[in-house]
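Visitor: Input file: protein.tsv. Contents: TSV, C-alpha atoms.
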chain	number	residue	atom	x	y	z
G	1	MET	CA	-27.33	14.39	11.43
G	2	ARG	CA	-28.76	12.06	14.03
G	3	SER	CA	-27.99	12.88	17.66
G	4	ASN	CA	-26.42	9.49	18.39
G	5	GLU	CA	-23.99	10.02	15.50
G	6	ILE	CA	-22.97	13.38	16.96
G	7	LEU	CA	-22.44	11.73	20.34
G	8	LYS	CA	-20.30	9.01	18.77
G	9	ARG	CA	-18.08	11.61	17.08
G	10	ALA	CA	-17.72	13.63	20.26
G	11	THR	CA	-16.78	10.49	22.19
G	12	LEU	CA	-14.23	9.53	19.57
G	13	PHE	CA	-12.72	13.03	19.59
G	14	PHE	CA	-12.21	12.59	23.32
G	15	LEU	CA	-10.51	9.24	22.75
G	16	LEU	CA	-8.27	10.62	20.01
G	17	PHE	CA	-7.28	13.81	21.76
G	18	CYS	CA	-8.12	14.16	25.42
G	19	ILE	CA	-6.80	10.75	26.43
G	20	ASN	CA	-3.34	11.87	25.34
G	21	LEU	CA	-3.18	15.03	27.44
G	22	PRO	CA	-0.06	13.92	29.42
G	23	SER	CA	1.93	13.85	26.19
G	24	VAL	CA	0.09	16.67	24.42
G	25	ALA	CA	3.37	18.62	24.10
G	26	GLN	CA	4.63	16.00	21.66
G	27	THR	CA	3.85	17.23	18.18
G	28	ILE	CA	3.90	15.04	15.10
G	29	ASP	CA	7.29	16.57	14.26
G	30	ASP	CA	8.57	15.42	17.65
G	31	ILE	CA	7.31	11.92	16.95
G	32	LEU	CA	8.80	11.77	13.47
G	33	LYS	CA	12.23	12.63	14.88
G	34	LYS	CA	12.11	10.41	17.95
G	35	PRO	CA	14.47	7.46	18.44
G	36	GLN	CA	13.05	4.05	17.56
G	37	LEU	CA	10.18	5.28	15.38
G	38	LYS	CA	7.55	2.61	14.64
G	39	VAL	CA	4.88	3.12	11.98
G	40	LEU	CA	2.01	0.86	10.87
G	41	ASP	CA	0.08	1.57	7.66
G	42	ILE	CA	-3.30	-0.19	7.49
G	43	GLY	CA	-4.69	-0.15	3.97
G	44	ASN	CA	-4.94	-1.87	0.62
G	45	SER	CA	-3.25	-1.91	-2.79
G	46	TYR	CA	-3.07	1.88	-2.73
G	47	THR	CA	-0.72	1.56	0.24
G	48	ASP	CA	1.44	-0.61	-2.02
G	49	ASP	CA	1.30	2.09	-4.70
G	50	ALA	CA	2.58	4.68	-2.23
G	51	THR	CA	5.31	2.63	-0.52
G	52	THR	CA	6.82	0.25	-3.08
G	53	MET	CA	9.54	2.65	-4.27
G	54	LEU	CA	10.45	4.08	-0.86
G	55	LYS	CA	13.59	1.96	-0.59
G	56	LEU	CA	14.90	3.37	-3.88
G	57	LEU	CA	14.57	6.91	-2.56
G	58	ILE	CA	16.10	6.04	0.81
G	59	LYS	CA	19.09	4.37	-0.81
G	60	ALA	CA	19.70	7.27	-3.19
G	61	ASN	CA	19.58	9.80	-0.34
G	62	GLN	CA	21.77	7.56	1.85
G	63	MET	CA	19.25	7.83	4.66
G	64	ASN	CA	19.86	5.74	7.75
G	65	VAL	CA	16.66	3.90	8.70
G	66	SER	CA	18.21	1.50	11.19
G	67	ASP	CA	16.41	3.23	14.08
G	68	MET	CA	12.88	2.93	12.69
G	69	CYS	CA	10.45	0.59	10.99
G	70	LEU	CA	7.46	0.83	8.68
G	71	TYR	CA	5.04	-2.08	8.45
G	72	LYS	CA	1.96	-2.41	6.25
G	73	ALA	CA	-1.27	-4.38	6.61
G	74	ILE	CA	-2.77	-4.96	3.16
G	75	ARG	CA	-6.22	-6.26	2.33
G	76	GLY	CA	-7.26	-5.99	-1.34
G	77	GLY	CA	-10.06	-3.44	-1.58
G	78	GLY	CA	-9.79	-2.92	2.18
G	79	SER	CA	-12.16	-0.29	3.61
G	80	PHE	CA	-12.69	0.98	7.15
G	81	LYS	CA	-15.44	-1.60	7.51
G	82	ASN	CA	-13.32	-4.44	6.14
G	83	TRP	CA	-10.57	-3.82	8.69
G	84	TYR	CA	-13.05	-3.48	11.54
G	85	ASP	CA	-14.67	-6.75	10.46
G	86	ARG	CA	-11.25	-8.34	10.04
G	87	TYR	CA	-10.44	-7.65	13.67
G	88	HIS	CA	-13.63	-9.52	14.60
G	89	ASP	CA	-12.94	-12.53	12.32
G	90	ASN	CA	-15.73	-11.46	10.00
G	91	ASP	CA	-14.02	-10.64	6.70
G	92	ASN	CA	-14.07	-13.31	3.99
G	93	TYR	CA	-10.85	-12.20	2.32
G	94	LYS	CA	-7.13	-12.85	2.72
G	95	TYR	CA	-4.73	-10.14	3.87
G	96	THR	CA	-1.02	-9.72	4.51
G	97	ILE	CA	1.17	-8.00	7.07
G	98	SER	CA	4.75	-7.27	6.06
G	99	LYS	CA	7.69	-5.03	6.76
G	100	VAL	CA	8.37	-2.24	4.28
G	101	LEU	CA	11.64	-0.87	5.62
G	102	GLY	CA	13.77	-0.16	8.65
G	103	GLY	CA	16.25	-1.81	10.98
G	104	ILE	CA	13.83	-2.39	13.86
G	105	ASN	CA	11.75	-5.56	13.97
G	106	ALA	CA	8.31	-5.03	15.45
G	107	ASN	CA	7.01	-7.57	17.96
G	108	ILE	CA	4.36	-8.88	15.57
G	109	SER	CA	3.94	-11.75	13.13
G	110	THR	CA	4.12	-11.18	9.39
G	111	GLY	CA	2.60	-13.28	6.65
G	112	THR	CA	-0.84	-14.02	5.22
G	113	GLY	CA	-4.04	-14.02	7.22
G	114	GLU	CA	-6.70	-16.42	6.03
G	115	TYR	CA	-10.40	-15.88	5.44
G	116	ASN	CA	-12.35	-14.77	8.53
G	117	ASN	CA	-9.21	-14.92	10.65
G	118	GLY	CA	-8.06	-11.67	12.23
G	119	ILE	CA	-5.37	-13.01	14.52
G	120	LEU	CA	-2.46	-11.37	12.66
G	121	PHE	CA	-4.24	-8.02	12.63
G	122	ARG	CA	-5.23	-8.24	16.29
G	123	GLU	CA	-1.65	-9.12	17.16
G	124	ALA	CA	-0.40	-6.11	15.20
G	125	LEU	CA	-2.68	-3.84	17.24
G	126	THR	CA	-1.92	-5.40	20.62
G	127	ASN	CA	1.65	-6.75	20.66
G	128	GLU	CA	3.53	-3.63	19.56
G	129	LYS	CA	3.43	-0.01	20.68
G	130	TRP	CA	3.16	2.06	17.50
G	131	ASP	CA	4.11	5.72	17.25
G	132	ILE	CA	2.04	6.38	14.13
G	133	ILE	CA	-0.82	4.38	12.61
G	134	ILE	CA	-1.94	5.36	9.12
G	135	ILE	CA	-5.29	4.47	7.57
G	136	HIS	CA	-7.26	5.39	4.45
G	137	GLN	CA	-10.62	4.75	2.85
G	138	VAL	CA	-10.97	2.36	-0.09
G	139	SER	CA	-10.98	4.09	-3.48
G	140	ASN	CA	-14.64	3.56	-4.40
G	141	TYR	CA	-15.76	5.36	-1.22
G	142	ALA	CA	-12.82	7.78	-0.90
G	143	PRO	CA	-14.63	10.73	-2.56
G	144	TYR	CA	-17.79	10.44	-0.46
G	145	TYR	CA	-17.16	11.57	3.10
G	146	GLU	CA	-20.83	11.42	4.02
G	147	GLN	CA	-20.66	7.64	3.61
G	148	TRP	CA	-17.69	7.21	5.96
G	149	GLN	CA	-20.01	7.34	8.95
G	150	GLY	CA	-22.63	4.81	9.98
G	151	ASN	CA	-22.78	1.08	9.35
G	152	GLY	CA	-22.93	0.97	5.54
G	153	LYS	CA	-20.23	-0.58	3.33
G	154	GLY	CA	-18.48	2.79	3.12
G	155	GLY	CA	-18.84	3.49	6.84
G	156	TYR	CA	-17.21	2.40	10.11
G	157	LEU	CA	-14.73	5.28	10.36
G	158	ASN	CA	-15.67	5.88	14.00
G	159	GLU	CA	-15.53	2.20	14.82
G	160	LEU	CA	-12.10	1.65	13.26
G	161	LEU	CA	-10.58	4.73	14.89
G	162	SER	CA	-12.04	3.74	18.26
G	163	LEU	CA	-10.62	0.25	17.86
G	164	ILE	CA	-7.17	1.62	17.09
G	165	LYS	CA	-7.24	4.04	20.03
G	166	ASP	CA	-8.50	1.37	22.42
G	167	HIS	CA	-5.30	-0.59	21.77
G	168	GLN	CA	-2.92	2.25	20.86
G	169	PRO	CA	-3.89	5.37	22.85
G	170	GLN	CA	-0.41	6.85	22.42
G	171	ALA	CA	-0.32	6.52	18.64
G	172	LYS	CA	-0.58	9.49	16.33
G	173	ILE	CA	-3.13	8.99	13.56
G	174	GLY	CA	-2.12	9.46	9.93
G	175	PHE	CA	-4.27	9.45	6.84
G	176	LEU	CA	-3.45	8.63	3.23
G	177	LEU	CA	-5.08	10.98	0.72
G	178	VAL	CA	-5.34	8.63	-2.26
G	179	HIS	CA	-5.36	9.27	-6.00
G	180	SER	CA	-8.39	9.23	-8.28
G	181	TYR	CA	-9.31	6.94	-11.16
G	182	TRP	CA	-8.57	7.54	-14.84
G	183	ASP	CA	-11.20	9.67	-16.56
G	184	ASN	CA	-12.57	6.73	-18.54
G	185	TYR	CA	-12.37	4.08	-15.84
G	186	GLY	CA	-15.68	2.31	-15.33
G	187	GLY	CA	-15.81	3.10	-11.62
G	188	ASN	CA	-15.24	6.82	-12.14
G	189	LYS	CA	-18.74	8.19	-11.60
G	190	GLU	CA	-17.49	11.73	-12.09
G	191	LYS	CA	-15.93	10.87	-15.49
G	192	SER	CA	-13.03	13.13	-14.55
G	193	SER	CA	-9.90	12.33	-12.57
G	194	LEU	CA	-9.66	15.98	-11.49
G	195	LEU	CA	-13.25	16.23	-10.23
G	196	ARG	CA	-12.94	12.90	-8.42
G	197	TRP	CA	-9.65	13.94	-6.82
G	198	GLN	CA	-11.30	17.18	-5.65
G	199	LEU	CA	-13.99	15.14	-3.91
G	200	ILE	CA	-11.32	12.94	-2.29
G	201	ALA	CA	-9.34	15.98	-1.13
G	202	ASN	CA	-12.48	17.65	0.23
G	203	SER	CA	-13.37	14.44	2.09
G	204	VAL	CA	-9.96	14.42	3.76
G	205	LYS	CA	-10.35	18.11	4.54
G	206	SER	CA	-13.69	17.39	6.22
G	207	LEU	CA	-12.09	14.52	8.13
G	208	CYS	CA	-9.32	16.78	9.44
G	209	GLU	CA	-11.88	19.39	10.48
G	210	GLU	CA	-13.87	16.86	12.52
G	211	TYR	CA	-11.12	14.58	13.88
G	212	PRO	CA	-7.66	15.32	15.29
G	213	ILE	CA	-5.71	13.71	12.43
G	214	ASP	CA	-2.01	14.24	13.10
G	215	ILE	CA	-0.51	13.79	9.64
G	216	VAL	CA	-1.83	13.53	6.09
G	217	ILE	CA	0.20	11.88	3.34
G	218	PRO	CA	-1.37	13.48	0.25
G	219	TYR	CA	0.10	11.30	-2.48
G	220	GLY	CA	-3.18	11.55	-4.43
G	221	THR	CA	-2.63	15.30	-4.70
G	222	ALA	CA	0.93	14.61	-5.88
G	223	ILE	CA	-0.45	12.39	-8.64
G	224	GLU	CA	-3.00	15.02	-9.64
G	225	ASN	CA	-0.26	17.65	-9.72
G	226	LEU	CA	1.71	15.43	-12.06
G	227	ARG	CA	-1.37	14.87	-14.23
G	228	SER	CA	-1.62	18.63	-14.69
G	229	SER	CA	1.83	18.64	-16.32
G	230	SER	CA	3.00	17.62	-19.78
G	231	LEU	CA	3.98	14.22	-18.32
G	232	ASN	CA	0.38	13.01	-18.11
G	233	ASN	CA	-0.68	10.34	-20.59
G	234	GLU	CA	-3.98	9.13	-22.03
G	235	TYR	CA	-4.53	6.82	-19.04
G	236	ASP	CA	-3.87	9.46	-16.36
G	237	LEU	CA	-0.65	7.65	-15.39
G	238	THR	CA	-2.50	4.54	-14.20
G	239	ARG	CA	-1.62	0.94	-14.98
G	240	ASP	CA	-5.22	-0.28	-15.21
G	241	GLY	CA	-7.41	2.78	-14.79
G	242	ALA	CA	-7.47	2.49	-11.00
G	243	HIS	CA	-3.93	1.93	-9.69
G	244	CYS	CA	-0.77	4.00	-10.08
G	245	GLY	CA	1.34	3.21	-13.12
G	246	LEU	CA	4.30	0.92	-12.42
G	247	GLY	CA	6.89	3.62	-12.95
G	248	LEU	CA	6.59	7.39	-12.75
G	249	ALA	CA	3.25	7.44	-10.89
G	250	ARG	CA	4.38	5.04	-8.16
G	251	TYR	CA	7.63	6.98	-7.95
G	252	THR	CA	5.70	10.21	-7.40
G	253	ALA	CA	3.52	8.58	-4.75
G	254	ALA	CA	6.61	7.30	-2.93
G	255	CYS	CA	8.21	10.76	-3.16
G	256	CYS	CA	5.19	12.19	-1.36
G	257	TYR	CA	5.24	9.46	1.29
G	258	TYR	CA	8.96	10.10	1.79
G	259	GLU	CA	8.54	13.87	2.01
G	260	SER	CA	5.72	13.54	4.54
G	261	LEU	CA	7.17	10.85	6.79
G	262	LEU	CA	10.92	10.57	6.22
G	263	ALA	CA	12.16	14.01	5.19
G	264	PRO	CA	11.31	15.54	8.59
G	265	ARG	CA	13.23	12.70	10.22
G	266	SER	CA	16.34	12.86	8.05
G	267	GLY	CA	16.35	16.58	7.34
G	268	MET	CA	16.78	15.71	3.66
G	269	THR	CA	14.05	16.44	1.13
G	270	VAL	CA	13.19	14.22	-1.80
G	271	LEU	CA	13.91	17.11	-4.18
G	272	GLY	CA	17.01	16.21	-6.16
G	273	ASN	CA	16.90	12.55	-5.22
G	274	THR	CA	18.92	10.59	-7.80
G	275	ALA	CA	16.83	7.39	-7.77
G	276	ARG	CA	15.67	6.39	-11.24
G	277	TYR	CA	13.55	3.50	-12.52
G	278	ASP	CA	13.61	1.74	-15.89
G	279	ALA	CA	10.08	0.59	-16.71
G	280	SER	CA	10.79	-0.42	-20.30
G	281	ASN	CA	10.40	-4.14	-19.56
G	282	VAL	CA	7.56	-3.85	-17.04
G	283	GLU	CA	4.37	-5.70	-17.98
G	284	SER	CA	1.28	-3.59	-17.42
G	285	THR	CA	-2.22	-3.21	-18.87
G	286	TYR	CA	-1.40	0.38	-19.78
G	287	PRO	CA	2.17	1.52	-20.57
G	288	ALA	CA	4.53	2.07	-17.64
G	289	VAL	CA	6.56	5.30	-17.71
G	290	SER	CA	10.25	5.16	-16.75
G	291	VAL	CA	11.72	7.60	-14.23
G	292	THR	CA	14.50	9.49	-15.98
G	293	ASP	CA	16.69	12.53	-15.53
G	294	ASP	CA	14.18	14.43	-17.66
G	295	ASN	CA	11.09	13.80	-15.50
G	296	ALA	CA	12.32	12.91	-11.98
G	297	LEU	CA	12.56	16.48	-10.68
G	298	ILE	CA	9.08	17.27	-11.99
G	299	ALA	CA	7.67	14.24	-10.16
G	300	GLN	CA	9.54	15.17	-6.99
G	301	THR	CA	8.24	18.73	-7.19
G	302	ALA	CA	4.69	17.45	-7.68
G	303	ALA	CA	5.11	15.49	-4.45
G	304	VAL	CA	6.58	18.36	-2.42
G	305	LEU	CA	3.89	20.77	-3.63
G	306	ALA	CA	1.27	18.30	-2.41
G	307	THR	CA	2.75	18.29	1.08
G	308	LYS	CA	2.55	22.10	1.13
G	309	ASN	CA	-1.13	22.14	0.18
G	310	TYR	CA	-3.21	18.94	0.17
G	311	TYR	CA	-6.21	20.55	-1.48
G	312	GLU	CA	-4.75	22.46	-4.42
G	313	CYS	CA	-3.68	21.05	-7.77
G	314	VAL	CA	-0.52	22.78	-9.09
G	315	ASN	CA	1.40	22.12	-12.29
G	316	PRO	CA	4.94	21.28	-11.07
G	317	GLU	CA	6.45	22.46	-14.34
G	318	GLU	CA	5.47	25.99	-13.43
G	319	VAL	CA	7.66	25.73	-10.33
G	320	ALA	CA	10.45	23.33	-11.29
G	321	THR	CA	11.69	25.27	-14.33
G	322	SER	CA	15.46	25.79	-14.21
G	323	ILE	CA	16.76	29.37	-14.18
G	324	HIS	CA	20.22	29.78	-15.69
G	325	SER	CA	20.67	33.52	-15.47
G	326	MET	CA	20.67	34.12	-11.72
G	327	ASP	CA	23.48	33.64	-9.24
G	328	VAL	CA	22.92	32.29	-5.74
G	329	SER	CA	25.40	34.83	-4.34
G	330	THR	CA	22.80	37.56	-4.85
G	331	ILE	CA	20.52	36.01	-2.22
G	332	SER	CA	21.09	36.60	1.50
G	333	SER	CA	21.51	33.56	3.72
G	334	PHE	CA	19.03	33.19	6.58
G	335	ASP	CA	17.90	29.75	7.63
G	336	TYR	CA	20.12	26.68	7.14
G	337	SER	CA	17.80	24.11	8.68
G	338	SER	CA	17.14	21.94	5.61
G	339	LEU	CA	19.71	19.72	3.87
G	340	TYR	CA	19.21	18.70	0.25
G	341	ASN	CA	20.88	16.23	-2.12
G	342	ILE	CA	20.58	17.61	-5.64
G	343	GLU	CA	22.37	15.95	-8.54
G	344	GLY	CA	25.20	14.92	-6.24
G	345	ASN	CA	25.41	18.35	-4.56
G	346	ARG	CA	24.67	18.35	-0.82
G	347	ILE	CA	23.43	21.85	-0.04
G	348	LYS	CA	21.30	23.74	2.45
G	349	THR	CA	18.45	26.11	1.67
G	350	TYR	CA	18.23	29.78	2.49
G	351	GLN	CA	14.73	30.81	3.42
G	352	HIS	CA	11.14	29.60	3.35
G	353	GLY	CA	9.41	29.76	-0.03
G	354	ILE	CA	11.19	29.31	-3.35
G	355	ASN	CA	15.00	29.38	-3.14
G	356	ILE	CA	17.26	29.81	-6.16
G	357	VAL	CA	20.37	27.66	-5.87
G	358	LYS	CA	23.36	27.38	-8.19
G	359	LEU	CA	24.91	23.90	-8.47
G	360	LYS	CA	28.56	23.00	-9.06
G	361	ASN	CA	27.87	22.38	-12.75
G	362	GLY	CA	26.64	25.93	-13.16
G	363	LYS	CA	22.99	24.92	-13.38
G	364	THR	CA	20.63	27.07	-11.31
G	365	ILE	CA	17.34	25.64	-10.03
G	366	LYS	CA	14.44	26.50	-7.78
G	367	ILE	CA	13.94	24.71	-4.46
G	368	ILE	CA	10.65	24.80	-2.60
G	369	LYS	CA	11.00	24.96	1.17
Show the structure stored in the file as structure tokens.
Guide:
Amino acid sequence: MRSNEILKRATLFFLLFCINLPSVAQTIDDILKKPQLKVLDIGNSYTDDATTMLKLLIKANQMNVSDMCLYKAIRGGGSFKNWYDRYHDNDNYKYTISKVLGGINANISTGTGEYNNGILFREALTNEKWDIIIIHQVSNYAPYYEQWQGNGKGGYLNELLSLIKDHQPQAKIGFLLVHSYWDNYGGNKEKSSLLRWQLIANSVKSLCEEYPIDIVIPYGTAIENLRSSSLNNEYDLTRDGAHCGLGLARYTAACCYYESLLAPRSGMTVLGNTARYDASNVESTYPAVSVTDDNALIAQTAAVLATKNYYECVNPEEVATSIHSMDVSTISSFDYSSLYNIEGNRIKTYQHGINIVKLKNGKTIKIIK
């Protein structure tokens, strides 16, 4: 590695970490639970994949989001470099800034930014004080961490992070671990969704080892977990080979986003969420899969497992299997810190790990905590 690249990384580490020493006691958990939480997600269509169904989950869990807001900045195919160039009026592509959810209105303008015009993006970085700013790398460069540095098309990680910290020194930095392409998608150089996801996960792992990233939203791992189950289909649950299917896959991605960002705030996990989605009339290149009572818990479990380990693919069916023979009364009660909404039953868990809980209808299930 060239010496000037090492110097740039060391300088950026200082900007990301040392500049925040007065508030170093504030952990990401503290931030997620603070009053008036403000989050900005800077990304592309994969951000849409991960956030579109959030409102369904929030409504089903009756979560109050009046004291927070989540905004997204979307540029089709947006990379680190594209957003850095956008700030400097040097990106020949349209983009949008919009509100995803919440009762707070950020002091920024929403709408569509025109070609080579970064005013909306600059305003988003300068006019509001964000608590968390989330970024991710575009899908075609996501597996290749070595290309995230430097001034190539897949580079500009340092430059984008420095830009964000110049304007938002107080903000925690989040990162979206995205999903991989379908095995047979033309852009899948690895010819395997699993191998490509492993490269993406390893890239994020390398990122977290070299930069003080505060939170990872590993929805790509959630998707890969789901693909390892019997719910996978011939298109790896994509709608076009590249993007999440407009049904179960997007639901799983949103479950992971919820579990990472909103569950710590509300104290209510996504496990047992009653939101469902009928995709029978959805137009898509490849078939959309509805979210039903038969597959929702498996998708939710895939998401929660991802938040427990970003870098391991686990079949959720091996964990989410119902157990009908055991009684919850046989388990001692220890820690009642987590509240769950499961099939209309509001319950609290017992201890860390896998908890066995008996519902009012007599059904006994496993809960991961």
Visitor: I need the residue nearest Phe80 (chain G) from this list: G:Gly102, G:Pro212, G:Gly113, G:Gly155. Use all atoms listed in the file for the distance.
Guide: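 Distance minimum relative to Phe80 (chain G) lands on G:Gly155.
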Visitor: Which is closest to Tyr257 (chain G) among G:Ile217, G:Thr52, G:Thr238, G:Phe121, if we use only C-alpha atoms?
Guide: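 The shortest atom-to-atom distance to Tyr257 (chain G) comes from G:Ile217.
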Visitor: For a test of reading the model, state the distance in Å between CA of Asn232 (chain G) and CA of Val304 (chain G), rounded to one decimal.
Guide: 17.7 Å
Visitor: Could you jot down the CA of Ala279 (chain G) to CA of Ala254 (chain G) separation for me, Å, one decimal place?
Guide: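 We find that CA of Ala279 (chain G) and CA of Ala254 (chain G) lie 15.7 Å from each other.
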Visitor: CA of Pro287 (chain G) to CA of Tyr310 (chain G): how many Å, to one decimal?
Guide: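 Those two atoms sit 27.6 Å apart.
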Visitor: Restricting the calculation to only C-alpha atoms: of G:Gly267, G:Pro143, G:Gly152, G:Pro169, which residue gets closest to Trp197 (chain G)?
Guide: G:Pro143
Visitor: Give the answer as one residue: which of G:Leu262, G:Leu70, G:Ala302, G:Met268 has the shortest atom-to-atom distance to Ala249 (chain G), using only C-alpha atoms?
Guide: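 Of all the options, G:Ala302 lies closest to Ala249 (chain G).
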Visitor: Contacts of Tyr71 (chain G) at 7 Å or less, counting all atoms listed in the file, minus same-chain residues fewer than 6 places along, as a list in words?
Guide: Val39, Leu40, Asp41, Ser98, Lys99 and Val100 of chain G
Visitor: Show me, as a list in words, the residues that have an atom within 9 Å of Ile58 (chain G) when counting all atoms listed in the file, minus same-chain residues fewer than 5 positions from it.
Guide: Met53, Met63, Asn64, Val65, Tyr258, Leu262, Asn273 and Ala275 of chain G
Visitor: Taking only residues of region 188-253 of chain G that have an atom at most 10 Å from an atom of region 174-180 of chain G, what is each one's shortest atom pair and its distance in Å to one decimal, using all atoms listed in the file, in chain and number order, as JSON lines?
Guide:
{"residue": "G:Asn188", "atom": "CA", "partner": "G:Ser180", "partner_atom": "CA", "distance": 8.2}
{"residue": "G:Ser192", "atom": "CA", "partner": "G:Ser180", "partner_atom": "CA", "distance": 8.7}
{"residue": "G:Ser193", "atom": "CA", "partner": "G:Ser180", "partner_atom": "CA", "distance": 5.5}
{"residue": "G:Leu194", "atom": "CA", "partner": "G:Ser180", "partner_atom": "CA", "distance": 7.6}
{"residue": "G:Leu195", "atom": "CA", "partner": "G:Ser180", "partner_atom": "CA", "distance": 8.7}
{"residue": "G:Arg196", "atom": "CA", "partner": "G:Ser180", "partner_atom": "CA", "distance": 5.8}
{"residue": "G:Trp197", "atom": "CA", "partner": "G:Ser180", "partner_atom": "CA", "distance": 5.1}
{"residue": "G:Gln198", "atom": "CA", "partner": "G:Ser180", "partner_atom": "CA", "distance": 8.9}
{"residue": "G:Leu199", "atom": "CA", "partner": "G:Ser180", "partner_atom": "CA", "distance": 9.2}
{"residue": "G:Ile200", "atom": "CA", "partner": "G:Leu177", "partner_atom": "CA", "distance": 7.2}
{"residue": "G:Ala201", "atom": "CA", "partner": "G:Leu177", "partner_atom": "CA", "distance": 6.8}
{"residue": "G:Asn202", "atom": "CA", "partner": "G:Leu177", "partner_atom": "CA", "distance": 10.0}
{"residue": "G:Ser203", "atom": "CA", "partner": "G:Leu177", "partner_atom": "CA", "distance": 9.1}
{"residue": "G:Val204", "atom": "CA", "partner": "G:Leu177", "partner_atom": "CA", "distance": 6.7}
{"residue": "G:Lys205", "atom": "CA", "partner": "G:Leu177", "partner_atom": "CA", "distance": 9.7}
{"residue": "G:Leu207", "atom": "CA", "partner": "G:Phe175", "partner_atom": "CA", "distance": 9.4}
{"residue": "G:Cys208", "atom": "CA", "partner": "G:Phe175", "partner_atom": "CA", "distance": 9.3}
{"residue": "G:Pro212", "atom": "CA", "partner": "G:Gly174", "partner_atom": "CA", "distance": 9.7}
{"residue": "G:Ile213", "atom": "CA", "partner": "G:Gly174", "partner_atom": "CA", "distance": 6.1}
{"residue": "G:Asp214", "atom": "CA", "partner": "G:Gly174", "partner_atom": "CA", "distance": 5.7}
{"residue": "G:Ile215", "atom": "CA", "partner": "G:Gly174", "partner_atom": "CA", "distance": 4.6}
{"residue": "G:Val216", "atom": "CA", "partner": "G:Phe175", "partner_atom": "CA", "distance": 4.8}
{"residue": "G:Ile217", "atom": "CA", "partner": "G:Leu176", "partner_atom": "CA", "distance": 4.9}
{"residue": "G:Pro218", "atom": "CA", "partner": "G:Leu177", "partner_atom": "CA", "distance": 4.5}
{"residue": "G:Tyr219", "atom": "CA", "partner": "G:Val178", "partner_atom": "CA", "distance": 6.1}
{"residue": "G:Gly220", "atom": "CA", "partner": "G:His179", "partner_atom": "CA", "distance": 3.5}
{"residue": "G:Thr221", "atom": "CA", "partner": "G:His179", "partner_atom": "CA", "distance": 6.7}
{"residue": "G:Ala222", "atom": "CA", "partner": "G:His179", "partner_atom": "CA", "distance": 8.3}
{"residue": "G:Ile223", "atom": "CA", "partner": "G:His179", "partner_atom": "CA", "distance": 6.4}
{"residue": "G:Glu224", "atom": "CA", "partner": "G:His179", "partner_atom": "CA", "distance": 7.2}
{"residue": "G:Asp236", "atom": "CA", "partner": "G:Ser180", "partner_atom": "CA", "distance": 9.3}
{"residue": "G:Thr238", "atom": "CA", "partner": "G:Ser180", "partner_atom": "CA", "distance": 9.6}
{"residue": "G:Gly241", "atom": "CA", "partner": "G:Ser180", "partner_atom": "CA", "distance": 9.2}
{"residue": "G:Ala242", "atom": "CA", "partner": "G:Ser180", "partner_atom": "CA", "distance": 7.3}
{"residue": "G:His243", "atom": "CA", "partner": "G:His179", "partner_atom": "CA", "distance": 8.3}
{"residue": "G:Cys244", "atom": "CA", "partner": "G:His179", "partner_atom": "CA", "distance": 8.1}
{"residue": "G:Ala253", "atom": "CA", "partner": "G:His179", "partner_atom": "CA", "distance": 9.0}
Visitor: Rank nothing, just name the residue among G:Thr112, G:Val289, G:Cys255, G:Ser266 nearest to Thr307 (chain G), using all atoms listed in the file.
Guide: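 Of all the options, G:Cys255 lies closest to Thr307 (chain G).
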